[in-house]
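Dumped upload.cif below, it's mmCIF, C-alpha atoms:
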```cif
data_final
#
loop_
_atom_site.label_atom_id
_atom_site.label_comp_id
_atom_site.auth_asym_id
_atom_site.auth_seq_id
_atom_site.Cartn_x
_atom_site.Cartn_y
_atom_site.Cartn_z
CA MET A 1 -79.43 48.98 31.23
CA ASP A 2 -80.07 45.46 30.02
CA CYS A 3 -78.42 42.06 29.92
CA GLY A 4 -75.95 43.33 27.34
CA THR A 5 -74.70 45.78 29.90
CA CYS A 6 -73.02 42.98 31.73
CA GLU A 7 -71.79 40.89 28.84
CA THR A 8 -70.16 43.74 26.93
CA ALA A 9 -68.78 45.69 29.88
CA GLY A 10 -65.02 45.70 30.16
CA PRO A 11 -63.41 44.34 33.31
CA ILE A 12 -61.95 46.92 35.64
CA GLN A 13 -58.33 46.48 36.55
CA VAL A 14 -58.11 45.29 40.12
CA VAL A 15 -54.95 45.73 42.12
CA LYS A 16 -53.45 42.29 42.71
CA PRO A 17 -50.57 42.57 45.15
CA ASP A 18 -47.69 40.13 44.81
CA VAL A 19 -47.92 36.97 46.87
CA VAL A 20 -45.47 37.15 49.75
CA GLU A 21 -43.90 34.15 51.44
CA VAL A 22 -45.26 34.64 54.94
CA SER A 23 -43.35 34.19 58.13
CA LEU A 24 -45.28 34.41 61.38
CA THR A 25 -45.00 33.55 65.03
CA ILE A 26 -47.43 32.30 67.65
CA SER A 27 -47.02 33.40 71.25
CA ASP A 28 -46.88 30.85 74.06
CA ASN A 29 -50.33 31.92 75.29
CA ALA A 30 -51.79 31.47 71.83
CA GLN A 31 -50.14 28.08 71.41
CA ALA A 32 -51.65 26.94 74.71
CA MET A 33 -55.10 28.02 73.56
CA LEU A 34 -54.66 26.32 70.20
CA ALA A 35 -53.58 23.12 71.95
CA ASP A 36 -56.82 23.27 73.94
CA ALA A 37 -58.85 23.92 70.81
CA PHE A 38 -57.23 21.29 68.61
CA GLY A 39 -56.72 18.58 71.23
CA ASP A 40 -54.79 15.71 69.74
CA ASP A 41 -56.23 16.22 66.29
CA ARG A 42 -53.54 18.10 64.38
CA SER A 43 -55.24 17.53 61.04
CA MET A 44 -57.13 20.74 61.72
CA ALA A 45 -55.55 24.05 60.77
CA LEU A 46 -55.79 27.64 61.86
CA LEU A 47 -56.73 29.82 58.89
CA VAL A 48 -55.52 33.39 59.30
CA GLY A 49 -56.97 35.58 56.58
CA VAL A 50 -58.02 39.14 55.90
CA LEU A 51 -61.38 40.40 54.67
CA SER A 52 -62.32 43.88 53.56
CA GLY A 53 -64.34 45.92 56.01
CA GLY A 54 -64.20 46.90 59.63
CA CYS A 55 -63.56 50.40 60.89
CA SER A 56 -60.11 50.54 59.35
CA GLY A 57 -60.64 48.79 56.04
CA TYR A 58 -59.31 45.31 56.64
CA MET A 59 -60.60 42.73 59.12
CA TYR A 60 -58.83 39.68 60.41
CA ASP A 61 -60.53 36.38 59.76
CA LEU A 62 -59.51 33.51 62.06
CA GLN A 63 -61.03 30.08 61.59
CA ILE A 64 -60.22 26.55 62.64
CA ILE A 65 -60.79 24.46 59.55
CA GLU A 66 -59.99 21.12 58.01
CA GLU A 67 -59.55 22.38 54.46
CA THR A 68 -60.35 25.40 52.31
CA ASP A 69 -60.94 26.23 48.66
CA GLN A 70 -58.71 29.28 48.97
CA SER A 71 -55.22 29.19 47.58
CA CYS A 72 -53.13 29.17 50.74
CA GLN A 73 -49.62 28.75 51.98
CA GLU A 74 -49.09 26.53 55.00
CA VAL A 75 -46.80 27.35 57.88
CA ASN A 76 -46.08 24.74 60.53
CA ILE A 77 -45.23 26.05 63.98
CA ASN A 78 -44.58 23.51 66.72
CA GLY A 79 -46.98 21.10 65.08
CA PHE A 80 -49.74 23.64 64.49
CA ARG A 81 -50.82 24.03 60.87
CA VAL A 82 -51.43 27.66 59.99
CA LEU A 83 -52.95 28.51 56.60
CA VAL A 84 -52.54 31.98 55.11
CA PRO A 85 -54.47 32.81 51.91
CA ASN A 86 -52.15 34.01 49.17
CA ALA A 87 -54.56 36.85 48.38
CA SER A 88 -53.87 38.47 51.74
CA SER A 89 -50.30 37.28 52.30
CA HIS A 90 -48.91 40.79 51.68
CA LEU A 91 -50.88 42.01 54.69
CA LEU A 92 -49.88 39.22 57.05
CA ASP A 93 -46.16 38.75 56.64
CA GLY A 94 -44.39 39.10 59.99
CA ILE A 95 -47.47 38.91 62.22
CA GLU A 96 -47.53 37.53 65.71
CA ILE A 97 -50.62 35.61 66.77
CA ASP A 98 -51.17 36.27 70.45
CA TYR A 99 -53.85 35.38 72.96
CA VAL A 100 -54.99 37.91 75.55
CA ASP A 101 -56.72 36.48 78.59
CA ARG A 102 -59.21 39.18 79.62
CA LEU A 103 -62.91 39.14 80.37
CA MET A 104 -63.52 42.09 78.06
CA GLY A 105 -61.67 42.41 74.77
CA GLY A 106 -59.84 39.15 75.30
CA GLY A 107 -59.15 36.42 72.77
CA PHE A 108 -56.79 35.96 69.88
CA LYS A 109 -54.97 39.12 68.83
CA ILE A 110 -52.85 39.80 65.80
CA ASN A 111 -49.83 42.02 66.20
CA ASN A 112 -49.21 43.17 62.67
CA PRO A 113 -46.15 45.17 61.60
CA ASN A 114 -47.89 45.97 58.29
CA ALA A 115 -50.72 47.87 60.00
CA ASP A 116 -50.50 51.66 60.04
CA SER A 117 -53.42 51.83 62.43
CA SER A 118 -56.07 49.64 63.93
CA CYS A 119 -59.52 50.19 65.36
CA GLY A 120 -60.32 50.23 69.05
CA CYS A 121 -61.46 46.64 69.25
CA GLY A 122 -58.37 45.38 67.41
CA GLU A 123 -60.35 43.42 64.85
CA SER A 124 -59.56 45.65 61.91
CA PHE A 125 -56.53 47.53 60.64
CA ALA A 126 -55.38 49.77 57.86
CA MET B 1 -92.23 73.00 31.73
CA LEU B 2 -93.91 70.14 33.54
CA THR B 3 -95.01 67.16 31.54
CA PRO B 4 -97.34 64.38 32.57
CA HIS B 5 -95.40 61.24 33.09
CA VAL B 6 -96.45 57.70 32.31
CA ASP B 7 -94.19 54.96 33.58
CA ALA B 8 -94.50 52.06 31.17
CA ALA B 9 -93.16 49.67 33.74
CA ASN B 10 -95.62 50.81 36.37
CA PRO B 11 -98.82 52.29 35.00
CA SER B 12 -100.01 53.36 38.44
CA HIS B 13 -97.66 56.32 38.14
CA GLU B 14 -99.80 57.79 35.36
CA GLY B 15 -100.73 61.37 36.01
CA ASN B 16 -97.78 62.31 38.19
CA TRP B 17 -96.01 65.46 37.06
CA MET B 18 -92.39 64.72 36.46
CA GLN B 19 -89.44 66.25 34.70
CA THR B 20 -86.43 64.44 33.34
CA ALA B 21 -82.91 65.79 32.90
CA ARG B 22 -79.85 64.17 31.39
CA TYR B 23 -77.17 63.37 33.96
CA LEU B 24 -73.98 63.47 31.96
CA GLU B 25 -71.64 62.60 34.81
CA GLY B 26 -73.16 59.26 35.69
CA HIS B 27 -70.98 56.19 35.89
CA LEU B 28 -72.12 52.58 35.81
CA SER B 29 -70.14 49.65 37.08
CA VAL B 30 -71.34 46.07 37.17
CA TRP B 31 -70.37 44.11 40.27
CA ARG B 32 -70.55 40.34 40.07
CA GLY B 33 -69.82 37.55 42.53
CA GLU B 34 -71.19 35.85 45.60
CA ASP B 35 -69.53 38.27 47.98
CA VAL B 36 -70.57 41.56 46.36
CA LEU B 37 -73.11 42.62 48.96
CA THR B 38 -70.96 41.67 51.95
CA PHE B 39 -68.04 43.43 50.30
CA ILE B 40 -69.95 46.67 49.75
CA ASP B 41 -71.59 46.39 53.16
CA GLY B 42 -68.19 46.22 54.84
CA LEU B 43 -66.96 49.35 53.10
CA SER B 44 -69.94 51.71 53.11
CA THR B 45 -72.32 53.41 55.49
CA ASN B 46 -75.66 51.75 54.75
CA ARG B 47 -76.77 48.20 55.36
CA VAL B 48 -77.03 46.61 51.93
CA LEU B 49 -76.84 42.93 52.90
CA ASP B 50 -80.60 42.53 52.53
CA LEU B 51 -80.83 44.07 49.06
CA ARG B 52 -82.86 41.77 46.81
CA LYS B 53 -83.53 41.54 43.09
CA GLY B 54 -85.70 44.44 42.00
CA GLU B 55 -84.61 46.69 44.84
CA CYS B 56 -82.31 49.68 44.79
CA GLN B 57 -80.57 51.43 47.63
CA GLN B 58 -78.07 54.20 48.20
CA THR B 59 -74.96 53.92 50.29
CA THR B 60 -71.86 56.04 50.80
CA PHE B 61 -68.23 55.03 50.72
CA THR B 62 -66.19 56.99 53.23
CA THR B 63 -62.58 57.31 54.35
CA THR B 64 -61.38 56.45 57.85
CA THR B 65 -62.13 60.07 58.78
CA ALA B 66 -65.66 59.64 57.37
CA LYS B 67 -65.02 62.01 54.45
CA VAL B 68 -67.09 61.07 51.42
CA ILE B 69 -65.50 59.18 48.55
CA ASP B 70 -68.77 58.79 46.68
CA ARG B 71 -72.41 58.09 47.23
CA VAL B 72 -73.67 55.34 44.98
CA ALA B 73 -77.01 53.86 44.02
CA LEU B 74 -77.07 50.07 43.94
CA PHE B 75 -79.53 48.24 41.69
CA HIS B 76 -79.91 44.53 42.40
CA MET B 77 -80.39 43.04 38.94
CA GLY B 78 -80.47 39.39 39.96
CA ASP B 79 -77.25 38.15 38.36
CA PHE B 80 -75.30 41.24 39.29
CA VAL B 81 -75.42 44.49 41.19
CA ALA B 82 -75.32 47.66 39.11
CA CYS B 83 -73.60 50.55 40.84
CA VAL B 84 -74.37 54.05 39.62
CA SER B 85 -71.79 56.50 40.86
CA HIS B 86 -70.47 59.95 39.93
CA ALA B 87 -67.95 59.70 37.09
CA PRO B 88 -65.54 62.38 38.42
CA PHE B 89 -65.29 60.37 41.66
CA TRP B 90 -64.81 57.00 40.03
CA ASP B 91 -61.02 56.94 40.15
CA ALA B 92 -61.06 57.61 43.89
CA LEU B 93 -63.76 55.00 44.48
CA HIS B 94 -61.94 52.46 42.37
CA ALA B 95 -58.67 53.14 44.20
CA HIS B 96 -60.53 52.68 47.48
CA VAL B 97 -62.24 49.38 46.75
CA SER B 98 -59.83 47.67 44.40
CA PRO B 99 -57.04 46.79 46.87
CA ARG B 100 -59.63 45.50 49.31
CA ILE B 101 -60.82 42.70 47.05
CA LEU B 102 -58.70 39.99 48.62
CA GLY B 103 -60.05 36.47 48.60
CA GLN B 104 -63.64 37.58 48.03
CA ASP B 105 -65.64 36.61 44.97
CA VAL B 106 -66.05 40.13 43.56
CA SER B 107 -65.47 41.24 39.97
CA ILE B 108 -66.13 44.74 38.70
CA PHE B 109 -66.85 45.75 35.11
CA ASP B 110 -67.18 49.22 33.61
CA ALA B 111 -70.46 49.60 31.74
CA SER B 112 -70.56 53.38 31.53
CA ALA B 113 -69.97 53.54 27.79
CA ASN B 114 -73.02 51.36 27.14
CA ASN B 115 -75.45 53.51 29.06
CA GLU B 116 -76.82 57.01 29.51
CA PHE B 117 -78.09 58.50 32.74
CA TYR B 118 -81.04 60.70 33.64
CA VAL B 119 -82.70 62.01 36.77
CA ARG B 120 -86.46 62.29 37.00
CA PHE B 121 -88.00 64.47 39.62
CA GLY B 122 -91.22 66.25 40.52
CA ASP B 123 -94.52 65.41 42.13
CA ASP B 124 -94.21 61.70 42.65
CA ASP B 125 -95.58 59.26 45.18
CA SER B 126 -93.81 56.17 43.88
CA THR B 127 -92.74 53.44 46.23
CA ARG B 128 -89.08 54.10 46.97
CA GLY B 129 -86.28 51.57 46.99
CA VAL B 130 -87.40 49.57 43.97
CA HIS B 131 -86.50 49.58 40.29
CA SER B 132 -87.99 48.29 37.09
CA THR B 133 -86.55 47.63 33.65
CA ASN B 134 -88.42 47.91 30.39
CA ASP B 135 -86.77 47.62 26.98
CA GLY B 136 -83.29 48.56 28.18
CA VAL B 137 -84.42 51.43 30.39
CA THR B 138 -84.05 50.90 34.13
CA ILE B 139 -85.79 53.29 36.49
CA GLY B 140 -84.75 53.31 40.12
CA HIS B 141 -87.00 55.05 42.61
CA LEU B 142 -84.47 56.32 45.13
CA GLU B 143 -85.02 57.40 48.69
CA GLY B 144 -84.12 61.01 47.94
CA GLY B 145 -87.48 61.45 46.26
CA TYR B 146 -86.16 61.34 42.72
CA ASP B 147 -85.64 58.62 40.15
CA LEU B 148 -82.38 57.59 38.55
CA ILE B 149 -82.75 56.29 35.01
CA VAL B 150 -80.13 54.16 33.31
CA ALA B 151 -80.80 53.65 29.62
CA THR B 152 -78.89 51.48 27.20
CA VAL B 153 -77.32 53.71 24.55
CA GLY B 154 -79.76 54.08 21.69
CA LYS B 155 -82.87 53.83 23.85
CA HIS B 156 -84.79 57.05 23.75
CA VAL B 157 -85.50 58.81 27.01
CA GLU B 158 -87.09 62.20 26.65
CA SER B 159 -85.35 64.85 28.72
CA GLU B 160 -87.27 68.09 28.58
CA VAL B 161 -85.17 70.09 31.04
CA ASN B 162 -81.51 70.37 31.99
CA LEU B 163 -79.93 69.74 35.36
CA ASP B 164 -80.44 73.37 36.43
CA SER B 165 -84.12 72.58 36.92
CA PHE B 166 -83.18 69.55 38.98
CA HIS B 167 -80.87 71.66 41.11
CA ALA B 168 -83.70 74.16 41.72
CA TRP B 169 -85.90 71.24 42.80
CA ARG B 170 -83.11 69.94 45.05
CA ILE B 171 -82.71 73.28 46.78
CA GLU B 172 -86.35 73.32 47.85
CA ARG B 173 -86.09 69.78 49.24
CA CYS B 174 -82.57 69.91 50.64
CA VAL B 175 -81.42 67.01 48.48
CA PRO B 176 -77.62 66.69 48.23
CA TRP B 177 -75.89 65.93 44.94
CA PRO B 178 -72.39 64.76 44.07
CA GLY B 179 -69.97 67.48 43.11
CA TYR B 180 -72.09 70.06 44.95
CA GLU B 181 -72.78 68.96 48.51
CA ILE B 182 -71.38 65.47 48.22
CA THR B 183 -67.64 66.04 47.97
CA ALA B 184 -64.47 64.80 49.60
CA LYS B 185 -64.38 68.01 51.69
CA HIS B 186 -67.14 66.89 54.00
CA HIS B 187 -68.16 63.89 56.05
CA ALA B 188 -71.34 62.00 55.25
CA LEU B 189 -73.51 63.69 57.89
CA ALA B 190 -72.51 67.20 56.90
CA CYS B 191 -73.36 66.43 53.28
CA GLY B 192 -76.94 65.60 54.21
CA LEU B 193 -76.48 61.86 53.85
CA SER B 194 -77.72 60.84 57.29
CA GLU B 195 -80.30 58.56 55.63
CA ASP B 196 -77.39 56.55 54.24
CA VAL B 197 -75.80 56.10 57.66
CA HIS B 198 -77.23 52.97 59.21
CA PRO B 199 -77.35 53.31 63.00
CA SER B 200 -76.51 49.74 63.96
CA LYS B 201 -75.04 47.81 61.07
CA GLY B 202 -71.62 47.38 62.66
CA CYS B 203 -68.15 48.30 61.53
CA TYR B 204 -67.25 49.93 58.22
CA ILE B 205 -64.62 52.44 57.26
CA GLY B 206 -65.48 55.76 58.88
CA GLN B 207 -68.03 54.22 61.25
CA GLU B 208 -66.24 55.16 64.46
CA VAL B 209 -66.17 58.84 63.50
CA LEU B 210 -69.80 58.97 62.37
CA THR B 211 -71.08 57.03 65.37
CA ARG B 212 -69.25 59.37 67.74
CA MET B 213 -70.79 62.40 66.03
CA ILE B 214 -74.27 60.91 66.27
CA SER B 215 -73.96 59.79 69.89
CA ARG B 216 -72.59 63.17 70.98
CA ASN B 217 -74.95 65.06 68.71
CA LYS B 218 -72.00 67.00 67.34
CA GLN B 219 -71.43 66.88 63.64
CA GLY B 220 -69.84 70.27 63.10
CA ARG B 221 -71.61 71.25 59.91
CA THR B 222 -74.94 70.43 58.36
CA LEU B 223 -76.69 70.85 55.03
CA SER B 224 -79.35 73.54 55.13
CA ILE B 225 -81.62 75.59 52.92
CA VAL B 226 -80.60 79.22 53.35
CA ALA B 227 -81.54 82.60 51.99
CA ASN B 228 -78.71 83.76 49.76
CA GLU B 229 -77.88 86.78 51.88
CA GLU B 230 -77.79 84.76 55.11
CA VAL B 231 -74.48 83.02 54.56
CA GLN B 232 -71.04 83.60 53.19
CA PRO B 233 -70.89 82.84 49.46
CA SER B 234 -68.17 80.29 50.18
CA GLU B 235 -70.62 78.23 52.22
CA ILE B 236 -73.12 77.91 49.39
CA THR B 237 -72.95 74.57 47.66
CA THR B 238 -75.88 74.92 45.23
CA LYS B 239 -76.94 78.46 44.42
CA GLY B 240 -80.55 79.30 43.61
CA ALA B 241 -82.21 82.56 42.67
CA SER B 242 -83.09 83.54 46.22
CA ARG B 243 -82.48 80.42 48.28
CA SER B 244 -79.56 78.05 48.18
CA LEU B 245 -78.13 74.95 49.76
CA ALA B 246 -75.22 75.49 52.08
CA ILE B 247 -73.17 73.40 54.45
CA ILE B 248 -73.03 75.56 57.54
CA ARG B 249 -71.63 75.25 61.02
CA VAL B 250 -74.16 74.29 63.69
#
```
Using structure tokens, write down the structure from this file.
Amino acid sequence: MDCGTCETAGPIQVVKPDVVEVSLTISDNAQAMLADAFGDDRSMALLVGVLSGGCSGYMYDLQIIEETDQSCQEVNINGFRVLVPNASSHLLDGIEIDYVDRLMGGGFKINNPNADSSCGCGESFA
Amino acid sequence: MLTPHVDAANPSHEGNWMQTARYLEGHLSVWRGEDVLTFIDGLSTNRVLDLRKGECQQTTFTTTTAKVIDRVALFHMGDFVACVSHAPFWDALHAHVSPRILGQDVSIFDASANNEFYVRFGDDDSTRGVHSTNDGVTIGHLEGGYDLIVATVGKHVESEVNLDSFHAWRIERCVPWPGYEITAKHHALACGLSEDVHPSKGCYIGQEVLTRMISRNKQGRTLSIVANEEVQPSEITTKGASRSLAIIRV
């Protein structure tokens, strides 16, 4: 194996799912938490993405950000900007963002109709 | 026949008795991008996040039920990570990882046609987990006690024995091999891949099943060296003259 290995190797076809126009909802509990988090500054956005990994193969990735390099679609719900990366849009169409107020296992939760199964902690799905 | 081995890239190996066999079913993919290690780490059993240039490490991709998709050897080459896998399992591995490249910076290239594969085994005290490259020949000293050699096509690597000799060596050391012990029929622990299963790295596909087996000390089956007459022929995974490897119920 040498440097030529890399330069002359053919790219492997990677499955690129179609970009889906995402619709999503945010529960009242989650909206209240977002209002606390954002304050009056609505220039910030909630990024809802998916990464590979976790017990079930896909992990949710929630971030409050100002901007991102990722190609995203923006959904505005009651003044909250929600960004969904196009690369994972097919996995997130129809989700509900909820907030569960519990000492253990609490926090933001994603109810995802595209998930066949999810792991015990709810952070990953298949 | 044993031959004295001199490793050009590491002269301190001089005098070790090693044998080399051609591994015709090797597969080489080149993984490039900033997120390669986190991507592989999230989908396989071993912790590979700390892999650095010059190091090599094995890890196993598993299904949600912890059944093996393939065990791979990763070589950190600096600009990219080279992944040596088992060619008959490549389609399944590709189908497993490909849809999971979402927004991550990961690109995969097939470099199998440019390279040939060998295993080197024998009496060796090399430092494990490192690799060296000399004139197109990369030698990875893997944790299983053998070396994996990836040579650019056209570079001469002397192979004085065939894989049967390697399998005989494996039987005596209980070393699993893809297509024999490492198959989709078994989970990673039953295959003898417990060294690949990191105890505390966090979530990956199959982790819940493997962790439960480890914590309850119940893994169902295990890889063992057996006398041929001790077990049912169907349990033997690699057959030797008098002793074999078998995945048996414990």
Show me a table, sorted first by chain and then by increasing residue number, of the residues of region 27-120 of chain B having an atom at most 12 Å from region 72-96 of chain A, each with its shortest atom pair and the distance in Å to one decimal, counting only C-alpha atoms and written as a Markdown table.
```
| residue | atom | partner | partner_atom | distance |
| --- | --- | --- | --- | --- |
| B:Pro99 | CA | A:Ser88 | CA | 10.1 |
| B:Arg100 | CA | A:Ser88 | CA | 9.4 |
| B:Ile101 | CA | A:Ala87 | CA | 8.7 |
| B:Leu102 | CA | A:Ala87 | CA | 5.2 |
| B:Gly103 | CA | A:Ala87 | CA | 5.5 |
| B:Gln104 | CA | A:Ala87 | CA | 9.1 |
| B:Asp105 | CA | A:Ala87 | CA | 11.6 |
```
### Task
Run the PyMOL selection byres ((chain B) within 6 of (chain A)) on the file and write out the hits as a ChimeraX atom specification.
/B:42-43,98-100,102-103,108-111,136-138,150-152,203-205,207
#### Entry: Expected answer as a PyMOL selection string: all residues with atoms within 12 Å of (-67.2, 57.8, 43.9), only C-alpha atoms
chain B and resi 25-29+44+59-63+67-73+83-97+177-179+182-184
### Query
Which residues match the PyMOL selection byres ((chain B and resi 208-214) around 8) in the file above, as a PyMOL selection string?
(chain A and resi 55) or (chain B and resi 64-66+188-189+199+203+205-207+215-219)
Pull the neighbourhood of (-48.6, 30.9, 71.4) for me: all residues within 10 Å in file coordinates, counting all atoms listed in the file, as a CSV table (one decimal) with C-alpha atoms, in the coordinates of the input.
```
chain,number,residue,atom,x,y,z
A,25,THR,CA,-45.0,33.6,65.0
A,26,ILE,CA,-47.4,32.3,67.6
A,27,SER,CA,-47.0,33.4,71.2
A,28,ASP,CA,-46.9,30.8,74.1
A,29,ASN,CA,-50.3,31.9,75.3
A,30,ALA,CA,-51.8,31.5,71.8
A,31,GLN,CA,-50.1,28.1,71.4
A,32,ALA,CA,-51.6,26.9,74.7
A,33,MET,CA,-55.1,28.0,73.6
A,34,LEU,CA,-54.7,26.3,70.2
A,35,ALA,CA,-53.6,23.1,72.0
A,77,ILE,CA,-45.2,26.0,64.0
A,78,ASN,CA,-44.6,23.5,66.7
A,96,GLU,CA,-47.5,37.5,65.7
A,97,ILE,CA,-50.6,35.6,66.8
A,98,ASP,CA,-51.2,36.3,70.4
A,99,TYR,CA,-53.8,35.4,73.0
A,108,PHE,CA,-56.8,36.0,69.9
```
### Message
I need the output of the PyMOL selection byres ((chain B and resi 171) around 8) for this file as number ranges by chain; which residues are they?
### Response
B: 167-170, 172-175, 225, 238, 240, 243-245
### Task
Could you tell me how far CA of Phe80 (chain B) lies from CA of Gly33 (chain B), in Å and to one decimal?
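Going from CA of Phe80 (chain B) over to CA of Gly33 (chain B) covers 7.4 Å.
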### Query
Please, what distance in Å, to one decimal, runs between CA of Ala241 (chain B) and CA of Asn162 (chain B)?
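Atom-to-atom, CA of Ala241 (chain B) and CA of Asn162 (chain B) are spaced 16.2 Å apart.
Note that the spacing between CA of Ala45 (chain A) and CA of Ile65 (chain A) amounts to 5.4 Å.
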